[in-house]
file input_6.cif (mmCIF, C-alpha atoms and all ligand atoms)
data_protein
#
loop_
_atom_site.group_PDB
_atom_site.id
_atom_site.type_symbol
_atom_site.label_atom_id
_atom_site.label_comp_id
_atom_site.auth_asym_id
_atom_site.auth_seq_id
_atom_site.Cartn_x
_atom_site.Cartn_y
_atom_site.Cartn_z
ATOM 1 C CA MET A 490 30.815 -44.988 113.083
ATOM 2 C CA ALA A 491 29.272 -42.632 110.506
ATOM 3 C CA PRO A 492 27.794 -39.475 112.026
ATOM 4 C CA VAL A 493 24.028 -39.542 112.369
ATOM 5 C CA GLY A 494 22.173 -36.393 111.378
ATOM 6 C CA PRO A 495 19.531 -34.975 109.095
ATOM 7 C CA ARG A 496 19.912 -35.904 105.439
ATOM 8 C CA SER A 497 20.667 -33.124 103.026
ATOM 9 C CA GLY A 498 17.867 -31.878 100.745
ATOM 10 C CA ASP A 499 19.509 -33.599 97.775
ATOM 11 C CA ALA A 500 19.644 -36.948 99.551
ATOM 12 C CA ILE A 501 15.988 -36.723 100.560
ATOM 13 C CA PHE A 502 14.897 -35.830 97.023
ATOM 14 C CA SER A 503 16.929 -38.575 95.394
ATOM 15 C CA SER A 504 15.439 -41.068 97.827
ATOM 16 C CA ILE A 505 11.898 -39.793 97.054
ATOM 17 C CA ASP A 506 12.668 -40.024 93.317
ATOM 18 C CA ARG A 507 13.834 -43.607 93.754
ATOM 19 C CA VAL A 508 10.707 -44.576 95.695
ATOM 20 C CA ASN A 509 8.511 -42.892 93.074
ATOM 21 C CA ALA A 510 10.354 -44.695 90.288
ATOM 22 C CA GLU A 511 9.827 -48.034 92.020
ATOM 23 C CA LEU A 512 6.162 -47.273 92.629
ATOM 24 C CA PHE A 513 5.779 -46.341 88.955
ATOM 25 C CA THR A 514 7.501 -49.558 87.824
ATOM 26 C CA LEU A 515 5.378 -51.721 90.111
ATOM 27 C CA THR A 516 2.172 -49.905 89.125
ATOM 28 C CA TYR A 517 2.922 -50.429 85.449
ATOM 29 C CA GLY A 518 3.549 -54.121 86.150
ATOM 30 C CA ALA A 519 0.186 -54.366 87.918
ATOM 31 C CA ILE A 520 -1.550 -52.760 84.911
ATOM 32 C CA VAL A 521 0.057 -55.225 82.484
ATOM 33 C CA ARG A 522 -0.881 -58.141 84.735
ATOM 34 C CA GLN A 523 -4.491 -56.940 84.934
ATOM 35 C CA LEU A 524 -4.695 -56.534 81.158
ATOM 36 C CA LEU A 525 -3.367 -60.070 80.703
ATOM 37 C CA THR A 526 -6.104 -61.341 83.020
ATOM 38 C CA ASP A 527 -8.873 -59.285 81.416
ATOM 39 C CA LEU A 528 -7.995 -59.619 77.742
ATOM 40 C CA GLU A 529 -6.462 -63.101 77.627
ATOM 41 C CA GLU A 530 -4.962 -62.631 74.123
ATOM 42 C CA VAL A 531 -1.408 -61.273 74.302
ATOM 43 C CA GLU A 532 -1.940 -59.463 70.979
ATOM 44 C CA GLU A 533 -4.847 -57.551 72.505
ATOM 45 C CA VAL A 534 -2.703 -56.598 75.504
ATOM 46 C CA ASN A 535 -0.015 -55.278 73.132
ATOM 47 C CA LYS A 536 -2.630 -53.137 71.372
ATOM 48 C CA GLN A 537 -4.088 -51.874 74.613
ATOM 49 C CA LEU A 538 -0.676 -50.891 76.026
ATOM 50 C CA ASP A 539 0.142 -49.056 72.800
ATOM 51 C CA GLN A 540 -3.193 -47.227 72.921
ATOM 52 C CA MET A 541 -2.650 -46.270 76.572
ATOM 53 C CA GLY A 542 0.774 -44.919 75.636
ATOM 54 C CA TYR A 543 -0.702 -42.970 72.715
ATOM 55 C CA ASN A 544 -3.244 -41.354 75.049
ATOM 56 C CA ILE A 545 -0.426 -40.395 77.406
ATOM 57 C CA GLY A 546 1.789 -39.143 74.567
ATOM 58 C CA ILE A 547 -0.776 -36.735 73.137
ATOM 59 C CA ARG A 548 -0.922 -35.023 76.545
ATOM 60 C CA LEU A 549 2.694 -35.370 77.575
ATOM 61 C CA ILE A 550 3.986 -33.412 74.568
ATOM 62 C CA ASP A 551 2.718 -30.157 76.122
ATOM 63 C CA GLU A 552 4.684 -30.803 79.271
ATOM 64 C CA PHE A 553 7.720 -31.771 77.221
ATOM 65 C CA LEU A 554 7.643 -28.566 75.167
ATOM 66 C CA ALA A 555 6.950 -26.363 78.197
ATOM 67 C CA LYS A 556 9.614 -27.905 80.436
ATOM 68 C CA SER A 557 12.343 -28.417 77.855
ATOM 69 C CA GLY A 558 11.897 -25.031 76.190
ATOM 70 C CA VAL A 559 13.163 -26.547 72.928
ATOM 71 C CA SER A 560 12.321 -24.890 69.638
ATOM 72 C CA ARG A 561 11.134 -26.662 66.508
ATOM 73 C CA CYS A 562 13.431 -29.333 65.180
ATOM 74 C CA VAL A 563 14.774 -28.726 61.703
ATOM 75 C CA ASP A 564 14.295 -32.325 60.594
ATOM 76 C CA PHE A 565 13.358 -35.801 61.759
ATOM 77 C CA ARG A 566 16.975 -36.562 62.670
ATOM 78 C CA GLU A 567 16.926 -33.759 65.203
ATOM 79 C CA THR A 568 13.533 -34.901 66.488
ATOM 80 C CA ALA A 569 14.838 -38.424 67.107
ATOM 81 C CA GLU A 570 17.835 -37.054 69.030
ATOM 82 C CA MET A 571 15.474 -34.871 71.037
ATOM 83 C CA ILE A 572 13.363 -37.885 72.040
ATOM 84 C CA ALA A 573 16.415 -39.963 72.941
ATOM 85 C CA LYS A 574 18.439 -37.344 74.817
ATOM 86 C CA VAL A 575 15.799 -35.028 76.293
ATOM 87 C CA GLY A 576 12.451 -36.905 76.294
ATOM 88 C CA PHE A 577 13.672 -40.165 77.808
ATOM 89 C CA LYS A 578 15.745 -38.294 80.370
ATOM 90 C CA MET A 579 12.821 -36.078 81.364
ATOM 91 C CA PHE A 580 10.197 -38.779 81.758
ATOM 92 C CA LEU A 581 12.109 -41.984 82.487
ATOM 93 C CA GLY A 582 15.378 -40.674 83.898
ATOM 94 C CA VAL A 583 17.427 -42.549 81.300
ATOM 95 C CA THR A 584 19.070 -41.619 78.042
ATOM 96 C CA ALA A 585 19.014 -43.448 74.763
ATOM 97 C CA SER A 586 21.043 -43.402 71.587
ATOM 98 C CA VAL A 587 19.916 -43.052 68.001
ATOM 99 C CA SER A 588 21.335 -45.219 65.221
ATOM 100 C CA SER A 589 20.587 -47.205 62.043
ATOM 101 C CA TRP A 590 19.305 -44.314 59.960
ATOM 102 C CA ASP A 591 17.940 -45.159 56.541
ATOM 103 C CA ALA A 592 19.186 -43.252 53.499
ATOM 104 C CA ASP A 593 16.421 -40.647 53.420
ATOM 105 C CA GLY A 594 16.499 -39.903 57.154
ATOM 106 C CA THR A 595 12.962 -41.074 57.899
ATOM 107 C CA CYS A 596 13.626 -44.247 59.855
ATOM 108 C CA CYS A 597 15.967 -44.900 62.773
ATOM 109 C CA SER A 598 16.474 -46.957 65.890
ATOM 110 C CA ILE A 599 16.398 -45.662 69.441
ATOM 111 C CA ILE A 600 18.343 -47.874 71.845
ATOM 112 C CA LEU A 601 17.635 -47.471 75.547
ATOM 113 C CA GLU A 602 20.651 -47.467 77.823
ATOM 114 C CA ASP A 603 18.507 -48.619 80.715
ATOM 115 C CA ASN A 604 14.838 -49.488 81.056
ATOM 116 C CA PRO A 605 13.264 -48.801 84.444
ATOM 117 C CA LEU A 606 9.931 -50.281 83.325
ATOM 118 C CA VAL A 607 11.360 -53.790 83.510
ATOM 119 C CA ASP A 608 12.989 -53.708 86.951
ATOM 120 C CA PHE A 609 11.632 -56.694 88.921
ATOM 121 C CA VAL A 610 10.010 -58.188 85.770
ATOM 122 C CA GLU A 611 10.223 -61.822 84.721
ATOM 123 C CA LEU A 612 7.808 -63.045 82.096
ATOM 124 C CA PRO A 613 6.338 -66.531 82.324
ATOM 125 C CA ASP A 614 6.246 -68.724 79.183
ATOM 126 C CA THR A 615 2.532 -67.982 78.795
ATOM 127 C CA CYS A 616 3.455 -64.377 77.934
ATOM 128 C CA GLN A 617 5.383 -65.161 74.758
ATOM 129 C CA GLY A 618 4.556 -62.543 72.162
ATOM 130 C CA LEU A 619 3.965 -59.844 74.772
ATOM 131 C CA TYR A 620 5.588 -56.475 74.125
ATOM 132 C CA TYR A 621 5.761 -55.575 77.793
ATOM 133 C CA CYS A 622 6.984 -52.011 77.184
ATOM 134 C CA ASN A 623 4.519 -51.223 74.404
ATOM 135 C CA VAL A 624 3.302 -48.211 76.365
ATOM 136 C CA LEU A 625 6.548 -46.441 75.393
ATOM 137 C CA SER A 626 6.095 -46.921 71.654
ATOM 138 C CA GLY A 627 2.576 -45.524 72.023
ATOM 139 C CA VAL A 628 3.856 -42.504 73.980
ATOM 140 C CA ILE A 629 6.300 -41.592 71.214
ATOM 141 C CA ARG A 630 3.682 -42.097 68.463
ATOM 142 C CA GLY A 631 1.148 -39.942 70.334
ATOM 143 C CA ALA A 632 3.624 -37.182 71.201
ATOM 144 C CA LEU A 633 4.907 -36.934 67.622
ATOM 145 C CA GLU A 634 1.411 -36.868 66.185
ATOM 146 C CA MET A 635 0.773 -33.706 68.217
ATOM 147 C CA VAL A 636 3.683 -32.024 66.465
ATOM 148 C CA SER A 637 2.409 -33.106 63.035
ATOM 149 C CA MET A 638 4.413 -36.281 62.528
ATOM 150 C CA LYS A 639 2.618 -39.522 61.777
ATOM 151 C CA THR A 640 4.910 -42.353 62.793
ATOM 152 C CA GLU A 641 5.032 -46.084 63.199
ATOM 153 C CA VAL A 642 6.922 -47.122 66.335
ATOM 154 C CA THR A 643 7.811 -50.762 66.924
ATOM 155 C CA TRP A 644 10.058 -52.784 69.226
ATOM 156 C CA THR A 645 12.851 -54.392 67.235
ATOM 157 C CA ARG A 646 14.821 -55.728 70.202
ATOM 158 C CA ASP A 647 13.549 -56.568 73.664
ATOM 159 C CA VAL A 648 15.606 -58.136 76.454
ATOM 160 C CA LEU A 649 12.458 -59.707 77.935
ATOM 161 C CA ARG A 650 12.094 -61.577 74.632
ATOM 162 C CA GLY A 651 15.689 -62.804 74.690
ATOM 163 C CA ASP A 652 17.415 -59.959 72.786
ATOM 164 C CA ASP A 653 20.522 -58.114 73.961
ATOM 165 C CA ALA A 654 18.988 -54.611 74.159
ATOM 166 C CA TYR A 655 15.822 -52.552 74.132
ATOM 167 C CA GLU A 656 15.476 -51.015 70.693
ATOM 168 C CA LEU A 657 12.617 -49.118 69.114
ATOM 169 C CA GLN A 658 12.296 -48.474 65.421
ATOM 170 C CA VAL A 659 10.737 -45.098 64.676
ATOM 171 C CA LYS A 660 9.526 -44.613 61.121
ATOM 172 C CA LEU A 661 8.209 -41.283 59.859
ATOM 173 C CA LEU A 662 5.199 -42.021 57.668
ATOM 174 C CA LYS A 663 3.934 -38.544 56.988
ATOM 175 C CA GLN A 664 4.782 -35.035 58.058
ATOM 176 C CA VAL A 665 1.855 -32.642 57.888
ATOM 177 C CA ALA A 666 2.987 -29.110 57.193
ATOM 178 C CA GLU A 667 1.766 -26.718 59.875
ATOM 179 C CA GLU A 668 0.421 -23.530 58.372
ATOM 180 C CA TYR A 669 0.481 -20.219 60.154
ATOM 181 C CA PRO A 670 -3.171 -19.191 60.186
ATOM 182 C CA TYR A 671 -2.626 -15.459 59.478
ATOM 183 C CA LYS A 672 -1.008 -13.796 56.486
ATOM 184 C CA ASP A 673 1.798 -11.315 57.133
ATOM 185 C CA ASP A 674 1.024 -7.931 55.527
HETATM 186 C C1 LIG A 701 9.365 -30.041 67.426
HETATM 187 O O1 LIG A 701 8.256 -29.534 67.567
HETATM 188 O O2 LIG A 701 9.953 -30.054 66.355
HETATM 189 C C2 LIG A 701 9.988 -30.697 68.626
HETATM 190 C C3 LIG A 701 9.527 -32.123 68.668
HETATM 191 C C4 LIG A 701 10.069 -32.842 69.830
HETATM 192 C C5 LIG A 701 9.295 -34.079 70.055
HETATM 193 C C6 LIG A 701 9.732 -34.761 71.275
HETATM 194 C C7 LIG A 701 8.750 -35.761 71.761
HETATM 195 C C8 LIG A 701 9.123 -36.216 73.133
HETATM 196 C C9 LIG A 701 8.506 -37.507 73.460
HETATM 197 C C10 LIG A 701 8.959 -37.990 74.783
HETATM 198 C C11 LIG A 701 9.055 -39.473 74.804
HETATM 199 C C12 LIG A 701 9.337 -39.956 76.166
HETATM 200 C C13 LIG A 701 9.284 -41.431 76.265
HETATM 201 C C14 LIG A 701 9.370 -41.877 77.665
#
call {"tool": "encode", "arguments": {"input": "input_6.cif", "output": "structure tokens", "more": "lines below"}}
Ligand code: MYR
result
Amino acid sequence: MAPVGPRSGDAIFSSIDRVNAELFTLTYGAIVRQLLTDLEEVEEVNKQLDQMGYNIGIRLIDEFLAKSGVSRCVDFRETAEMIAKVGFKMFLGVTASVSSWDADGTCCSIILEDNPLVDFVELPDTCQGLYYCNVLSGVIRGALEMVSMKTEVTWTRDVLRGDDAYELQVKLLKQVAEEYPYKDD
């Protein structure tokens, strides 16, 4: 029989993390369900989830920069890698990979290796057209806008819609140059 005794600190924390992750997943599901009831049109729910994500993203960028301690990215390629390898890990506990770059390095795909938002989720036929994870595209759009990058972020593959992966397309529309407000003498 395995010895019975107090769990180590690590074991307790990983169990708390798991419970929090499940609570988060279930809470998100409840929000989507409520939006579907309140708004009726799936298109409206997609918009609302994206807007909620945007509102989160414009705040979450501060925490990302403070916690990660990363310095400015040299280009959009580096930014995309930063989102996939550091951002997703920090906030969702998963990593993602970046691929399908266009020639000028302004559009790429981010493919999630796992997607905790969809644990326990099965969509009924009435939800066709729903982008269940649209909050995530909004988060990325909002976060990047706070570091001067206007982007368009869309789901190009979604397992809940019958695809073989979760894939976001991130397109840089405009990069606003940040000017240092004081002149060096
Ligand atoms: C820079 O200022 O050049 C660094 C920009 C890094 C942007 C990273 C944005 C992180 C967004 C996190 C997304 C998490 C999705 C769950």
call {"tool": "residues_near_ligand", "arguments": {"input": "input_6.cif", "ligand": "ligand LIG 701 (chain A)", "cutoff": "8 Å", "atoms": "all atoms listed in the file", "output": "ChimeraX atom specification"}}
result
/A:546,549-550,553-554,559-564,567-569,571-573,575-581,625-626,628-629,632-633,636
call {"tool": "atom_distance", "arguments": {"input": "input_6.cif", "atom1": "atom CA of Met638 of chain A", "atom2": "atom CA of Glu552 of chain A"}}
result
17.6 Å
call {"tool": "closest_residue", "arguments": {"input": "input_6.cif", "among": "A:Asp593, A:Gly618, A:Gly518, A:Lys574", "to": "Ser557 of chain A", "atoms": "only C-alpha atoms"}}
result
A:Lys574
call {"tool": "resolve_selection", "arguments": {"input": "input_6.cif", "expression": "the PyMOL selection byres (((chain A and resi 647-655) around 9) and not hetatm)", "output": "PyMOL selection string"}}
result
chain A and resi 599-604+607+610-612+617-622+644-646+656-657
call {"tool": "closest_residue", "arguments": {"input": "input_6.cif", "among": "A:Val587, A:Leu662, A:Ala555, A:Cys616", "to": "Arg522 of chain A", "atoms": "all atoms listed in the file"}}
result
A:Cys616
call {"tool": "atom_distance", "arguments": {"input": "input_6.cif", "atom1": "atom CA of Asp591 of chain A", "atom2": "atom CA of Lys660 of chain A"}}
result
9.6 Å
call {"tool": "atom_distance", "arguments": {"input": "input_6.cif", "atom1": "atom CA of Gln523 of chain A", "atom2": "atom CA of Gly631 of chain A"}}
result
23.1 Å
call {"tool": "residues_around", "arguments": {"input": "input_6.cif", "residues": "Ser637 of chain A", "least_positions_apart": "4", "cutoff": "10 Å", "atoms": "all atoms listed in the file", "output": "PyMOL selection string"}}
result
chain A and resi 632-633+663-667
call {"tool": "resolve_selection", "arguments": {"input": "input_6.cif", "expression": "the PyMOL selection byres (((chain A and resi 538) around 10) and not hetatm)", "output": "PyMOL selection string"}}
result
chain A and resi 520-521+524+533-537+539-544+620-628
call {"tool": "resolve_selection", "arguments": {"input": "input_6.cif", "expression": "the PyMOL selection byres (((chain A and resi 513) around 12) and not hetatm)", "output": "mmCIF file with C-alpha atoms, in the frame of the given file"}}
result
data_model
loop_
_atom_site.group_PDB
_atom_site.id
_atom_site.type_symbol
_atom_site.label_atom_id
_atom_site.label_comp_id
_atom_site.auth_asym_id
_atom_site.auth_seq_id
_atom_site.Cartn_x
_atom_site.Cartn_y
_atom_site.Cartn_z
ATOM 1 C CA ASP A 506 12.668 -40.024 93.317
ATOM 2 C CA ARG A 507 13.834 -43.607 93.754
ATOM 3 C CA VAL A 508 10.707 -44.576 95.695
ATOM 4 C CA ASN A 509 8.511 -42.892 93.074
ATOM 5 C CA ALA A 510 10.354 -44.695 90.288
ATOM 6 C CA GLU A 511 9.827 -48.034 92.020
ATOM 7 C CA LEU A 512 6.162 -47.273 92.629
ATOM 8 C CA THR A 514 7.501 -49.558 87.824
ATOM 9 C CA LEU A 515 5.378 -51.721 90.111
ATOM 10 C CA THR A 516 2.172 -49.905 89.125
ATOM 11 C CA TYR A 517 2.922 -50.429 85.449
ATOM 12 C CA GLY A 518 3.549 -54.121 86.150
ATOM 13 C CA ALA A 519 0.186 -54.366 87.918
ATOM 14 C CA ILE A 520 -1.550 -52.760 84.911
ATOM 15 C CA PHE A 580 10.197 -38.779 81.758
ATOM 16 C CA LEU A 581 12.109 -41.984 82.487
ATOM 17 C CA PRO A 605 13.264 -48.801 84.444
ATOM 18 C CA LEU A 606 9.931 -50.281 83.325
ATOM 19 C CA VAL A 607 11.360 -53.790 83.510
ATOM 20 C CA ASP A 608 12.989 -53.708 86.951
ATOM 21 C CA PHE A 609 11.632 -56.694 88.921
#
